[in-house]
file structure_35.cif (mmCIF, C-alpha atoms)
data_run
#
loop_
_atom_site.group_PDB
_atom_site.id
_atom_site.type_symbol
_atom_site.label_atom_id
_atom_site.label_comp_id
_atom_site.auth_asym_id
_atom_site.auth_seq_id
_atom_site.Cartn_x
_atom_site.Cartn_y
_atom_site.Cartn_z
ATOM 1 C CA MET A 23 -11.618 -10.700 -37.877
ATOM 2 C CA ILE A 24 -10.194 -7.457 -36.511
ATOM 3 C CA ASN A 25 -7.812 -7.835 -33.602
ATOM 4 C CA ASN A 26 -7.942 -4.561 -31.736
ATOM 5 C CA SER A 27 -5.232 -5.584 -29.287
ATOM 6 C CA ILE A 28 -2.667 -4.851 -31.987
ATOM 7 C CA ARG A 29 -2.589 -1.932 -34.414
ATOM 8 C CA GLU A 30 -0.576 -1.088 -37.452
ATOM 9 C CA LEU A 31 0.387 2.568 -37.298
ATOM 10 C CA GLU A 32 1.378 5.029 -40.019
ATOM 11 C CA ASP A 33 5.019 3.857 -39.942
ATOM 12 C CA ASN A 34 3.757 0.400 -41.059
ATOM 13 C CA GLU A 35 4.999 -1.130 -37.803
ATOM 14 C CA THR A 36 2.761 -3.338 -35.689
ATOM 15 C CA TYR A 37 2.100 -2.155 -32.161
ATOM 16 C CA ALA A 38 0.529 -4.045 -29.276
ATOM 17 C CA VAL A 39 -1.916 -2.282 -26.992
ATOM 18 C CA VAL A 40 -0.067 -2.297 -23.681
ATOM 19 C CA ASP A 41 -2.649 -0.469 -21.594
ATOM 20 C CA THR A 42 -5.720 1.722 -21.839
ATOM 21 C CA ILE A 43 -6.701 4.437 -19.368
ATOM 22 C CA PRO A 44 -9.990 6.324 -19.627
ATOM 23 C CA TYR A 45 -9.986 10.085 -19.050
ATOM 24 C CA ASP A 46 -12.508 12.909 -19.375
ATOM 25 C CA ASN A 47 -12.853 12.968 -23.149
ATOM 26 C CA GLY A 48 -11.937 9.439 -24.177
ATOM 27 C CA THR A 49 -9.347 6.774 -23.521
ATOM 28 C CA TYR A 50 -5.570 6.941 -23.700
ATOM 29 C CA VAL A 51 -4.123 3.956 -25.565
ATOM 30 C CA TYR A 52 -0.516 2.969 -24.886
ATOM 31 C CA LEU A 53 1.186 1.108 -27.717
ATOM 32 C CA ALA A 54 4.534 -0.698 -27.926
ATOM 33 C CA ASN A 55 6.212 -1.895 -31.112
ATOM 34 C CA ILE A 56 6.116 -5.701 -31.059
ATOM 35 C CA ARG A 57 9.634 -5.810 -32.560
ATOM 36 C CA ASP A 58 11.180 -3.238 -30.228
ATOM 37 C CA SER A 59 9.483 -2.605 -26.922
ATOM 38 C CA GLU A 60 11.502 0.598 -26.390
ATOM 39 C CA ASP A 61 9.607 2.044 -29.334
ATOM 40 C CA PHE A 62 6.321 3.101 -27.830
ATOM 41 C CA CYS A 63 3.758 5.857 -28.143
ATOM 42 C CA VAL A 64 0.421 7.081 -26.858
ATOM 43 C CA ARG A 65 -2.771 7.688 -28.809
ATOM 44 C CA LYS A 66 -6.251 8.614 -27.714
ATOM 45 C CA GLN A 67 -9.425 6.841 -28.626
ATOM 46 C CA LEU A 68 -12.309 9.224 -29.213
ATOM 47 C CA LYS A 69 -15.916 8.603 -30.111
ATOM 48 C CA LYS A 70 -17.303 10.997 -32.688
ATOM 49 C CA GLU A 71 -20.928 10.322 -33.532
ATOM 50 C CA SER A 72 -21.013 6.671 -34.598
ATOM 51 C CA GLU A 73 -17.300 6.515 -35.329
ATOM 52 C CA THR A 74 -14.475 5.524 -33.001
ATOM 53 C CA ILE A 75 -11.137 7.006 -33.968
ATOM 54 C CA LEU A 76 -7.574 6.716 -32.751
ATOM 55 C CA VAL A 77 -5.694 10.036 -32.952
ATOM 56 C CA GLY A 78 -2.439 11.597 -31.791
ATOM 57 C CA LEU A 79 -2.230 13.718 -28.650
ATOM 58 C CA ASP A 80 -2.405 17.508 -28.847
ATOM 59 C CA ASN A 81 1.045 18.389 -27.508
ATOM 60 C CA ARG A 82 3.945 17.308 -25.304
ATOM 61 C CA ASP A 83 2.136 18.353 -22.147
ATOM 62 C CA GLU A 84 -0.661 15.940 -22.938
ATOM 63 C CA VAL A 85 1.898 13.174 -23.581
ATOM 64 C CA ASP A 86 3.432 13.920 -20.170
ATOM 65 C CA TYR A 87 -0.010 13.824 -18.557
ATOM 66 C CA ALA A 88 -0.915 10.516 -20.231
ATOM 67 C CA LEU A 89 2.408 8.937 -19.238
ATOM 68 C CA GLN A 90 1.978 10.124 -15.668
ATOM 69 C CA LEU A 91 -1.403 8.405 -15.558
ATOM 70 C CA LEU A 92 0.231 5.183 -16.780
ATOM 71 C CA VAL A 93 2.990 5.346 -14.166
ATOM 72 C CA GLN A 94 0.565 6.178 -11.358
ATOM 73 C CA LYS A 95 -1.772 3.344 -12.336
ATOM 74 C CA ASN A 96 0.966 0.737 -12.557
ATOM 75 C CA LEU A 97 2.912 1.834 -9.492
ATOM 76 C CA ALA A 98 -0.269 1.725 -7.450
ATOM 77 C CA ALA A 99 -1.132 -1.765 -8.750
ATOM 78 C CA MET B 6 17.827 0.461 -32.501
ATOM 79 C CA ASN B 7 20.190 3.405 -32.936
ATOM 80 C CA ASN B 8 19.700 4.182 -29.299
ATOM 81 C CA GLN B 9 20.641 0.651 -28.413
ATOM 82 C CA ASN B 10 23.817 0.833 -30.522
ATOM 83 C CA GLU B 11 24.748 4.177 -29.041
ATOM 84 C CA PHE B 12 24.107 2.800 -25.602
ATOM 85 C CA ASN B 13 26.284 -0.264 -26.311
ATOM 86 C CA GLU B 14 29.117 1.915 -27.645
ATOM 87 C CA ASN B 15 28.940 4.083 -24.605
ATOM 88 C CA MET B 16 28.877 1.054 -22.362
ATOM 89 C CA THR B 17 32.030 -0.240 -24.119
ATOM 90 C CA LEU B 18 33.698 3.044 -23.338
ATOM 91 C CA THR B 19 32.778 2.723 -19.739
ATOM 92 C CA GLU B 20 34.095 -0.851 -19.669
ATOM 93 C CA ASN B 21 37.435 0.412 -21.028
ATOM 94 C CA GLN B 22 37.460 3.002 -18.347
ATOM 95 C CA ALA B 23 36.662 0.300 -15.838
ATOM 96 C CA ASP B 24 39.703 -1.673 -17.062
ATOM 97 C CA SER B 25 41.927 1.324 -16.584
ATOM 98 C CA LEU B 26 40.395 1.718 -13.185
ATOM 99 C CA LYS B 27 41.292 -1.905 -12.348
ATOM 100 C CA LEU B 28 44.845 -1.325 -13.580
ATOM 101 C CA SER B 29 45.310 1.757 -11.562
ATOM 102 C CA SER B 30 43.794 0.161 -8.505
ATOM 103 C CA SER B 31 46.091 -2.853 -8.849
ATOM 104 C CA MET B 32 49.062 -0.500 -8.766
ATOM 105 C CA GLU B 33 50.344 1.021 -5.584
ATOM 106 C CA THR B 34 47.155 2.556 -4.296
ATOM 107 C CA GLU B 35 48.448 3.326 -0.887
ATOM 108 C CA SER B 36 49.961 6.658 -1.781
ATOM 109 C CA PRO B 37 47.627 9.668 -1.617
ATOM 110 C CA HIS B 38 48.432 10.484 -5.229
ATOM 111 C CA ASP B 39 47.118 7.098 -6.484
ATOM 112 C CA PHE B 40 44.095 7.316 -4.279
ATOM 113 C CA ASN B 41 43.257 10.703 -5.735
ATOM 114 C CA ARG B 42 43.716 9.307 -9.240
ATOM 115 C CA VAL B 43 41.334 6.414 -8.498
ATOM 116 C CA GLN B 44 38.830 8.799 -6.985
ATOM 117 C CA GLU B 45 39.094 10.980 -10.058
ATOM 118 C CA LEU B 46 38.466 7.995 -12.352
ATOM 119 C CA VAL B 47 35.470 6.918 -10.269
ATOM 120 C CA ASN B 48 34.024 10.406 -10.504
ATOM 121 C CA GLN B 49 34.576 10.436 -14.273
ATOM 122 C CA LEU B 50 32.864 7.063 -14.586
ATOM 123 C CA GLU B 51 29.898 8.166 -12.538
ATOM 124 C CA SER B 52 29.400 11.331 -14.547
ATOM 125 C CA LYS B 53 29.750 9.383 -17.801
ATOM 126 C CA ILE B 54 27.141 6.847 -16.700
ATOM 127 C CA GLN B 55 24.783 9.634 -15.656
ATOM 128 C CA GLN B 56 25.282 11.324 -19.002
ATOM 129 C CA ILE B 57 24.605 8.070 -20.891
ATOM 130 C CA ASN B 58 21.458 7.402 -18.875
ATOM 131 C CA SER B 59 20.093 10.893 -19.380
ATOM 132 C CA ASN B 60 20.914 10.854 -23.118
ATOM 133 C CA PHE B 61 19.354 7.428 -23.469
ATOM 134 C CA SER B 62 16.230 8.485 -21.629
ATOM 135 C CA SER B 63 15.902 11.803 -23.475
ATOM 136 C CA ASN B 64 16.322 10.066 -26.852
ATOM 137 C CA ILE B 65 13.531 7.647 -26.011
ATOM 138 C CA MET B 66 11.355 10.512 -24.776
ATOM 139 C CA GLU B 67 11.956 12.544 -27.906
ATOM 140 C CA LYS B 68 10.736 9.632 -30.024
ATOM 141 C CA VAL B 69 7.723 9.131 -27.764
ATOM 142 C CA TYR B 70 6.813 12.825 -28.075
ATOM 143 C CA GLN B 71 7.178 12.753 -31.846
ATOM 144 C CA LYS B 72 5.208 9.544 -32.290
ATOM 145 C CA SER B 73 2.453 10.553 -29.916
ATOM 146 C CA THR B 74 1.627 14.135 -30.796
ATOM 147 C CA GLN B 75 -1.106 15.253 -33.108
ATOM 148 C CA ASP B 76 -0.634 14.706 -36.815
ATOM 149 C CA GLY B 77 -3.278 14.283 -39.514
ATOM 150 C CA SER B 78 -1.776 10.997 -40.651
ATOM 151 C CA MET B 79 -2.249 9.556 -37.187
ATOM 152 C CA LYS B 80 -6.016 9.441 -37.456
ATOM 153 C CA GLN B 81 -7.308 5.884 -37.643
ATOM 154 C CA VAL B 82 -10.863 4.657 -37.634
ATOM 155 C CA VAL B 83 -11.341 1.823 -35.162
ATOM 156 C CA GLU B 84 -14.023 -0.815 -35.535
ATOM 157 C CA GLY B 85 -15.135 -1.627 -32.039
ATOM 158 C CA GLU B 86 -12.732 -0.640 -29.288
ATOM 159 C CA VAL B 87 -9.052 -1.288 -28.753
ATOM 160 C CA TYR B 88 -8.202 -3.585 -25.859
ATOM 161 C CA VAL B 89 -5.170 -5.068 -24.155
ATOM 162 C CA GLY B 90 -4.246 -8.429 -25.700
ATOM 163 C CA LYS B 91 -5.298 -11.594 -23.875
ATOM 164 C CA ASN B 92 -3.459 -14.028 -26.147
ATOM 165 C CA PRO B 93 -0.791 -15.715 -23.913
ATOM 166 C CA THR B 94 2.170 -14.785 -26.128
ATOM 167 C CA LEU B 95 0.947 -11.266 -26.647
ATOM 168 C CA ALA B 96 -0.013 -10.919 -22.983
ATOM 169 C CA LYS B 97 3.543 -11.789 -21.959
ATOM 170 C CA PHE B 98 4.977 -9.206 -24.351
ATOM 171 C CA VAL B 99 2.434 -6.639 -23.202
ATOM 172 C CA GLY B 100 3.310 -7.244 -19.537
ATOM 173 C CA ASN B 101 7.022 -6.837 -20.180
ATOM 174 C CA ALA B 102 6.546 -3.795 -22.408
ATOM 175 C CA ARG B 103 4.315 -2.133 -19.827
ATOM 176 C CA ARG B 104 6.885 -2.783 -17.113
ATOM 177 C CA GLU B 105 9.611 -1.297 -19.321
ATOM 178 C CA MET B 106 7.521 1.765 -20.084
ATOM 179 C CA VAL B 107 6.792 2.343 -16.417
ATOM 180 C CA GLU B 108 10.444 1.828 -15.439
ATOM 181 C CA THR B 109 11.567 4.295 -18.101
ATOM 182 C CA MET B 110 8.993 6.872 -17.071
ATOM 183 C CA LYS B 111 9.192 6.350 -13.324
ATOM 184 C CA ASP B 112 12.447 8.251 -12.901
ATOM 185 C CA ARG B 113 11.209 11.019 -15.119
ATOM 186 C CA TYR B 114 7.975 11.654 -13.263
ATOM 187 C CA PHE B 115 8.922 10.333 -9.811
ATOM 188 C CA ARG B 116 12.457 11.380 -8.968
ATOM 189 C CA SER B 117 12.414 9.667 -5.575
ATOM 190 C CA THR B 118 10.682 6.332 -5.066
ATOM 191 C CA SER B 119 10.965 6.133 -1.309
ATOM 192 C CA GLY B 120 9.292 7.627 1.705
ATOM 193 C CA ASN B 121 7.690 11.014 1.953
ATOM 194 C CA ASP B 122 9.253 12.450 -1.160
ATOM 195 C CA LYS B 123 7.345 10.018 -3.320
ATOM 196 C CA LYS B 124 4.077 10.783 -1.555
ATOM 197 C CA GLU B 125 4.644 14.498 -1.923
ATOM 198 C CA GLU B 126 5.388 14.121 -5.601
ATOM 199 C CA GLU B 127 2.387 11.881 -6.100
ATOM 200 C CA SER B 128 0.108 14.397 -4.484
ATOM 201 C CA SER B 129 1.609 17.234 -6.496
ATOM 202 C CA ASN B 130 1.217 15.215 -9.669
ATOM 203 C CA ILE B 131 -2.385 14.486 -8.873
ATOM 204 C CA ASN B 132 -2.926 18.216 -8.519
ATOM 205 C CA MET B 133 -1.502 18.702 -11.977
ATOM 206 C CA ALA B 134 -4.380 16.811 -13.563
ATOM 207 C CA PRO B 135 -6.689 19.178 -15.397
ATOM 208 C CA MET B 136 -10.091 19.606 -13.753
ATOM 209 C CA ASN B 137 -13.315 20.461 -15.445
ATOM 210 C CA GLN B 138 -15.715 23.098 -14.143
ATOM 211 C CA GLU B 139 -17.827 20.596 -12.165
ATOM 212 C CA GLN B 140 -14.810 19.097 -10.411
ATOM 213 C CA LEU B 141 -13.521 22.549 -9.591
ATOM 214 C CA GLU B 142 -16.831 23.570 -8.025
ATOM 215 C CA GLU B 143 -17.023 20.325 -6.010
ATOM 216 C CA SER B 144 -13.501 20.693 -4.725
ATOM 217 C CA ILE B 145 -13.963 24.265 -3.491
ATOM 218 C CA PRO B 146 -17.587 24.605 -2.332
ATOM 219 C CA SER B 147 -16.650 27.462 -0.010
ATOM 220 C CA LEU B 148 -15.949 29.630 -3.016
ATOM 221 C CA GLU B 149 -19.437 29.280 -4.421
ATOM 222 C CA LEU B 150 -20.447 32.864 -3.683
ATOM 223 C CA THR B 151 -23.179 33.536 -6.180
ATOM 224 C CA SER B 152 -24.211 36.892 -4.662
ATOM 225 C CA PRO B 153 -21.609 39.050 -3.023
ATOM 226 C CA ILE B 154 -22.339 40.019 0.592
ATOM 227 C CA PRO B 155 -22.411 43.781 1.196
ATOM 228 C CA LEU B 156 -19.604 44.968 3.409
ATOM 229 C CA LYS B 157 -21.921 46.318 6.147
ATOM 230 C CA GLN B 158 -23.606 42.912 6.640
ATOM 231 C CA ASN B 159 -20.242 41.375 7.038
ATOM 232 C CA VAL B 160 -19.865 42.986 10.485
ATOM 233 C CA VAL B 161 -20.601 40.602 13.387
ATOM 234 C CA PRO B 162 -23.959 41.565 14.972
ATOM 235 C CA ASN B 163 -23.922 42.983 18.513
ATOM 236 C CA SER B 164 -20.246 43.357 18.359
ATOM 237 C CA VAL B 165 -18.775 45.619 21.022
ATOM 238 C CA PRO B 166 -16.207 48.060 19.863
ATOM 239 C CA LEU B 167 -12.885 47.499 21.484
ATOM 240 C CA GLU B 168 -12.066 49.973 24.210
ATOM 241 C CA ILE B 169 -8.799 50.500 25.912
ATOM 242 C CA SER B 170 -9.803 50.633 29.575
ATOM 243 C CA GLN B 171 -6.341 51.235 30.907
ATOM 244 C CA PRO B 172 -3.511 53.223 29.519
ATOM 245 C CA PRO B 173 -0.692 51.151 28.196
ATOM 246 C CA LEU B 174 1.979 50.302 30.684
ATOM 247 C CA LYS B 175 5.020 52.490 30.626
ATOM 248 C CA PRO B 176 8.362 51.008 31.531
ATOM 249 C CA GLU B 177 8.272 52.706 34.936
ATOM 250 C CA ASN B 178 4.759 51.256 35.607
ATOM 251 C CA ILE B 179 5.665 47.691 34.963
ATOM 252 C CA PHE B 180 6.628 47.097 38.582
ATOM 253 C CA ASP B 181 3.658 48.592 40.368
ATOM 254 C CA ASP B 182 2.741 48.216 44.037
ATOM 255 C CA GLU B 183 1.192 44.780 43.640
ATOM 256 C CA MET B 184 4.211 43.402 41.988
ATOM 257 C CA GLU B 185 6.951 43.770 44.518
ATOM 258 C CA GLU B 186 10.329 42.747 43.409
ATOM 259 C CA GLU B 187 11.489 39.781 45.432
ATOM 260 C CA PRO B 188 15.151 39.672 46.118
ATOM 261 C CA VAL B 189 16.705 36.909 44.107
ATOM 262 C CA GLU B 190 18.942 34.586 46.002
ATOM 263 C CA VAL B 191 21.934 34.018 43.846
ATOM 264 C CA PHE B 192 23.634 30.846 44.847
ATOM 265 C CA GLY B 193 27.300 30.943 44.177
ATOM 266 C CA THR B 194 28.012 34.567 44.953
ATOM 267 C CA GLN B 195 27.949 36.029 48.442
ATOM 268 C CA ASN B 196 26.260 32.968 49.985
ATOM 269 C CA SER B 197 28.774 30.562 48.620
ATOM 270 C CA ASN B 198 31.264 31.528 51.240
ATOM 271 C CA PRO B 199 32.143 28.166 52.908
ATOM 272 C CA GLU B 200 31.469 29.738 56.313
ATOM 273 C CA ASN B 201 27.897 30.605 55.357
ATOM 274 C CA LEU B 202 27.054 27.296 53.709
ATOM 275 C CA SER B 203 26.371 25.349 56.900
ATOM 276 C CA GLU B 204 24.043 28.112 58.145
ATOM 277 C CA ILE B 205 22.135 28.095 54.871
ATOM 278 C CA TYR B 206 21.616 24.330 54.989
ATOM 279 C CA GLN B 207 20.495 24.469 58.596
ATOM 280 C CA ASP B 208 17.960 27.207 57.836
ATOM 281 C CA ARG B 209 16.608 25.267 54.901
ATOM 282 C CA GLY B 210 16.315 22.107 56.973
ATOM 283 C CA LYS B 211 14.160 23.995 59.501
ATOM 284 C CA ALA B 212 11.978 25.392 56.769
ATOM 285 C CA VAL B 213 11.319 21.923 55.300
#

call {"tool": "encode", "arguments": {"input": "structure_35.cif", "output": "structure tokens"}}
result
Amino acid sequence: MINNSIRELEDNETYAVVDTIPYDNGTYVYLANIRDSEDFCVRKQLKKESETILVGLDNRDEVDYALQLLVQKNLAA
Amino acid sequence: MNNQNEFNENMTLTENQADSLKLSSSMETESPHDFNRVQELVNQLESKIQQINSNFSSNIMEKVYQKSTQDGSMKQVVEGEVYVGKNPTLAKFVGNARREMVETMKDRYFRSTSGNDKKEEESSNINMAPMNQEQLEESIPSLELTSPIPLKQNVVPNSVPLEISQPPLKPENIFDDEMEEEPVEVFGTQNSNPENLSEIYQDRGKAV
């Protein structure tokens, strides 16, 4: 059974999905390394035809934007 | 991990400095010279701590940027959709990790966390979000001018051209006949003569 609350990324480390925030074109997925929570990153989940893919963000500005969304969401909560 | 080690080393340094601070403060601190020395050490400590914090934060950010930005190897096919873990152990980790992420990012994106500054920054950050064409049009309906209005139609109908009925006042016309200058009673000059004071008060009493 696939557990989509954790993902193994290209560095062969296991990351837990910490949060997900939908935006215009898909959903930002925030991941933290389960062995070192200071090691975290952001990916985006996109739907292309019948396929759902997890890809990197376009540039640093998009990373900033995604992280701002995370901070805003969690400070407001 | 390297960051953590670096941080620990730097913290050890600051602890050493703190020891020297204790030593110097236990000495005769009453003289201005010692006080200045303590103040200098405190300033050094503060700047060191600030430097460590900013280095620590920028190192983390650099890794986040590198791990998050587009790269062909990052593409993964997902079966179903990713979700936040509900398993109790994982949920606890996720909660802590999320809190850490927010704490790390908070200072970066929200310099001040109190009062109006925060609200101003929040509103400016909200404005930074990219808007699509529909959102743009909804937010500024007044700019939806599909056909430009000719300049002539822009004039208010039945408008009366402004006329200057009277010539502008010259300095010598400012005090005309209707505006007679009233003598100003300056209390404290000629009337303040002690001999005149009683008369002035009597006159005023009659007037009231």

call {"tool": "atom_distance", "arguments": {"input": "structure_35.cif", "atom1": "CA of Arg82 in chain A", "atom2": "CA of Thr74 in chain B"}}
result
6.8 Å

call {"tool": "atom_distance", "arguments": {"input": "structure_35.cif", "atom1": "CA of Glu105 in chain B", "atom2": "CA of Cys63 in chain A"}}
result
12.8 Å

call {"tool": "interface_residues", "arguments": {"input": "structure_35.cif", "of": "chain B", "to": "chain A", "cutoff": "9 Å", "atoms": "only C-alpha atoms", "output": "MDAnalysis selection string"}}
result
chainID B and resid 6 65 68:91 95:96 98:108 110:111 114:115 127 130 133:134 137

call {"tool": "atom_distance", "arguments": {"input": "structure_35.cif", "atom1": "CA of Ile43 in chain A", "atom2": "CA of Ser63 in chain B"}}
result
24.1 Å

call {"tool": "axis_aligned_box", "arguments": {"input": "structure_35.cif", "around": "range 59-68 of chain A", "padding_each_side": "6 Å", "output": "AutoDock Vina command-line options"}}
result
--center_x -0.4 --center_y 3.3 --center_z -27.9 --size_x 35.8 --size_y 23.8 --size_z 14.9
